[in-house]
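Chemist: Take this structure, written in structure tokens, and hold onto it; I'll ask about it next.
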Amino acid sequence: MSGNGGGKSSRAKMAISELAQEFGITPRTIRYYEEVGLLSPHRETPTSQRLYDERDRARLKLILRGKRFGYSLAELKDILELYEVDPTQRQQIMRTLEYGLRHIREIDERIEELREIRGEMLEFAASFLRILEEQGEDGEFIKRAREMVEMMEKGS
């Protein structure tokens, strides 16, 4: 997660609407990222229009990727600030890895919780089907529901 964008450095500065459109987000989101210190556009025009360069574009790309991976904005800010003080990226890489491994542990815990919930729900579904069957229900719905529960139990 380096802070520089590499690649297309000759790209002209972009207005907030262009940047928002490119990344499929709202200008309001970009302004919020500015507000919390993740982005810092240039304001060189007489109207103080926000202009974003390749560095801002690269940072936004990293922010959005980081959010997709579960990083908080505070974690992302920490990571991006480390790039500014350590151009070797060593500290930034170590911190990114530290946060990433913590998120992986959280994901594993959540997966286990979801597996347990799935199992409990299948048990409830099977018991509800038994109750309906004991009450003499034997319609098309019961038949389809039974098939679905059996299929899902096999997928466990």
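Chain labels A, B, ... are given in the sequence in which chains occur in the structure tokens; within each chain residues are numbered consecutively from 1, and ligands are likewise numbered from 1 in the order shown.
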Output as a PyMOL selection string all residues of chain A that backbone DSSP marks as alpha helix (DSSP H).
Modeler: chain A and resi 16-23+27-35+54-68+73-85+90-134+140-154
Chemist: Quick one: DSSP strand (DSSP E or B) residues in chain A, as a list in words?
Modeler: Met14, Ala15, His42, Leu51 and Tyr52 of chain A
Chemist: Limited to C-alpha atoms, could you put the picked residues into a file as a PDB file, in the first residue's frame?
Modeler:
ATOM      1  CA  MET A  14      -8.764  16.728 -11.988  1.00  0.00           C
ATOM      2  CA  ALA A  15     -11.817  18.428 -10.541  1.00  0.00           C
ATOM      3  CA  HIS A  42      -4.611  21.848  -4.504  1.00  0.00           C
ATOM      4  CA  LEU A  51      -7.865  20.109  -8.001  1.00  0.00           C
ATOM      5  CA  TYR A  52      -6.565  16.608  -7.506  1.00  0.00           C
TER       6      TYR A  52
END
Chemist: Quick one: residues within 7 Å of stretch 73-78 of chain A, only C-alpha atoms, excluding same-chain residues fewer than 4 positions away - as a VMD selection string?
Modeler: chain A and resid 38 63 66 82
Chemist: Only N, CA and C atoms, please: the residues just picked out, written as an mmCIF file, in the first residue's frame.
Modeler:
data_model
loop_
_atom_site.group_PDB
_atom_site.id
_atom_site.type_symbol
_atom_site.label_atom_id
_atom_site.label_comp_id
_atom_site.auth_asym_id
_atom_site.auth_seq_id
_atom_site.Cartn_x
_atom_site.Cartn_y
_atom_site.Cartn_z
ATOM 1 N N LEU A 38 -7.248 12.601 4.845
ATOM 2 C CA LEU A 38 -6.735 11.554 3.959
ATOM 3 C C LEU A 38 -6.331 12.093 2.590
ATOM 4 N N ILE A 63 -7.223 4.227 -0.434
ATOM 5 C CA ILE A 63 -8.272 4.369 0.582
ATOM 6 C C ILE A 63 -9.432 3.439 0.268
ATOM 7 N N GLY A 66 -8.406 -0.150 0.717
ATOM 8 C CA GLY A 66 -8.291 -0.433 2.141
ATOM 9 C C GLY A 66 -9.641 -0.593 2.811
ATOM 10 N N LEU A 82 2.546 7.320 7.278
ATOM 11 C CA LEU A 82 3.851 6.662 7.377
ATOM 12 C C LEU A 82 4.624 6.776 6.068
#
Chemist: Taking 5 positions as the minimum chain separation for residues in the same chain, which residues sit within 9 Å of stretch 137-149 of chain A when counting only C-alpha atoms? Answer as a VMD selection string.
Modeler: chain A and resid 122 125 to 126 129 131 to 132 154
Chemist: Store the residues picked out above, limited to C-alpha atoms, as a PDB file, in the first residue's frame.
Modeler:
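Final output, saved to out-v5.pdb:
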ATOM      1  CA  LEU A 122     -30.524 -25.584   9.680  1.00  0.00           C
ATOM      2  CA  ALA A 125     -35.506 -25.488   9.826  1.00  0.00           C
ATOM      3  CA  ALA A 126     -35.343 -29.268  10.215  1.00  0.00           C
ATOM      4  CA  LEU A 129     -40.329 -29.257   9.090  1.00  0.00           C
ATOM      5  CA  ILE A 131     -43.432 -30.267  13.410  1.00  0.00           C
ATOM      6  CA  LEU A 132     -45.324 -29.560  10.173  1.00  0.00           C
ATOM      7  CA  LYS A 154     -25.174 -31.885   2.678  1.00  0.00           C
TER       8      LYS A 154
END
Chemist: Find the distance between atom CA of A:Phe23 and atom CA of A:Ile107 and write it in Å to one decimal.
Modeler: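 Computing the Euclidean distance for atom CA of A:Phe23 and atom CA of A:Ile107 yields 25.9 Å.
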Chemist: Have a look at atom CA of A:Arg55 and atom CA of A:Ser17 and let me know their distance in Å, one decimal.
Modeler: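 Value for the atom CA of A:Arg55-atom CA of A:Ser17 distance: 16.7 Å.
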Chemist: Name the residues in contact with A:Gly70 at a cut-off of 12 Å, using only C-alpha atoms, excluding same-chain residues fewer than 5 positions from it; report them as an mmCIF file with N, CA and C atoms, in the first residue's frame.
Modeler:
data_model
loop_
_atom_site.group_PDB
_atom_site.id
_atom_site.type_symbol
_atom_site.label_atom_id
_atom_site.label_comp_id
_atom_site.auth_asym_id
_atom_site.auth_seq_id
_atom_site.Cartn_x
_atom_site.Cartn_y
_atom_site.Cartn_z
ATOM 1 N N ILE A 63 -7.223 4.227 -0.434
ATOM 2 C CA ILE A 63 -8.272 4.369 0.582
ATOM 3 C C ILE A 63 -9.432 3.439 0.268
ATOM 4 N N LEU A 64 -9.877 3.461 -0.978
ATOM 5 C CA LEU A 64 -11.029 2.632 -1.356
ATOM 6 C C LEU A 64 -10.699 1.144 -1.278
ATOM 7 N N ARG A 65 -9.493 0.783 -1.680
ATOM 8 C CA ARG A 65 -9.079 -0.618 -1.568
ATOM 9 C C ARG A 65 -8.999 -1.019 -0.097
ATOM 10 N N GLU A 75 -6.943 3.797 10.470
ATOM 11 C CA GLU A 75 -5.840 2.924 10.074
ATOM 12 C C GLU A 75 -5.253 3.369 8.741
ATOM 13 N N LEU A 76 -6.123 3.715 7.811
ATOM 14 C CA LEU A 76 -5.651 4.163 6.504
ATOM 15 C C LEU A 76 -4.856 5.456 6.618
ATOM 16 N N THR A 96 0.873 -1.856 7.606
ATOM 17 C CA THR A 96 -0.190 -2.407 6.758
ATOM 18 C C THR A 96 -0.355 -3.901 7.036
ATOM 19 N N TYR A 99 -2.028 -4.419 10.538
ATOM 20 C CA TYR A 99 -3.477 -4.215 10.459
ATOM 21 C C TYR A 99 -4.140 -5.337 9.659
ATOM 22 N N GLY A 100 -3.512 -5.728 8.558
ATOM 23 C CA GLY A 100 -4.077 -6.760 7.696
ATOM 24 C C GLY A 100 -4.219 -8.092 8.404
ATOM 25 N N LEU A 101 -3.197 -8.482 9.142
ATOM 26 C CA LEU A 101 -3.262 -9.751 9.869
ATOM 27 C C LEU A 101 -4.347 -9.714 10.940
ATOM 28 N N ARG A 102 -4.496 -8.562 11.590
ATOM 29 C CA ARG A 102 -5.572 -8.431 12.580
ATOM 30 C C ARG A 102 -6.932 -8.586 11.906
ATOM 31 N N HIS A 103 -7.084 -7.988 10.723
ATOM 32 C CA HIS A 103 -8.356 -8.101 10.004
ATOM 33 C C HIS A 103 -8.610 -9.535 9.548
ATOM 34 N N ILE A 104 -7.578 -10.229 9.149
ATOM 35 C CA ILE A 104 -7.733 -11.632 8.750
ATOM 36 C C ILE A 104 -8.220 -12.460 9.937
ATOM 37 N N ARG A 105 -7.639 -12.215 11.136
ATOM 38 C CA ARG A 105 -8.108 -12.934 12.338
ATOM 39 C C ARG A 105 -9.582 -12.622 12.593
ATOM 40 N N GLU A 106 -9.970 -11.356 12.442
ATOM 41 C CA GLU A 106 -11.370 -10.970 12.647
ATOM 42 C C GLU A 106 -12.285 -11.655 11.633
ATOM 43 N N ILE A 107 -11.834 -11.737 10.401
ATOM 44 C CA ILE A 107 -12.615 -12.402 9.347
ATOM 45 C C ILE A 107 -12.779 -13.882 9.688
#
Chemist: If you count only C-alpha atoms, which residues fall within 12 Å of A:Glu123, apart from same-chain ones fewer than 3 positions away, as a list in words?
Modeler: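 Skipping anything fewer than 3 positions along the chain leaves Glu116, Ile117, Arg118, Gly119, Glu120, Ala126, Ser127, Phe128, Leu129, Arg130, Val149, Glu150, Met152, Glu153 and Ser156 of chain A.
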Chemist: What is the distance between atom CA of A:Ser48 and atom CA of A:Ile16, in Å to one decimal?
Modeler: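 A separation of 12.0 Å between them.
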Chemist: Can you pull out the residues contacting A:Arg31? Cut-off 10 Å, using only C-alpha atoms, and skip same-chain residues under 4 positions away; I want them as a list in words.
Modeler: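 Selected residues are Ile16, Thr26, Pro27, Glu35, Val36, Gly37, Leu38, Leu39, Ser40, Pro41 and Arg50 of chain A.
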Chemist: Which is closer to A:Arg115 than all the others in A:Gly136, A:Pro46, A:Gly24, A:Gly155, using only C-alpha atoms?
Modeler: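 The answer is A:Gly155, which sits nearest to A:Arg115.
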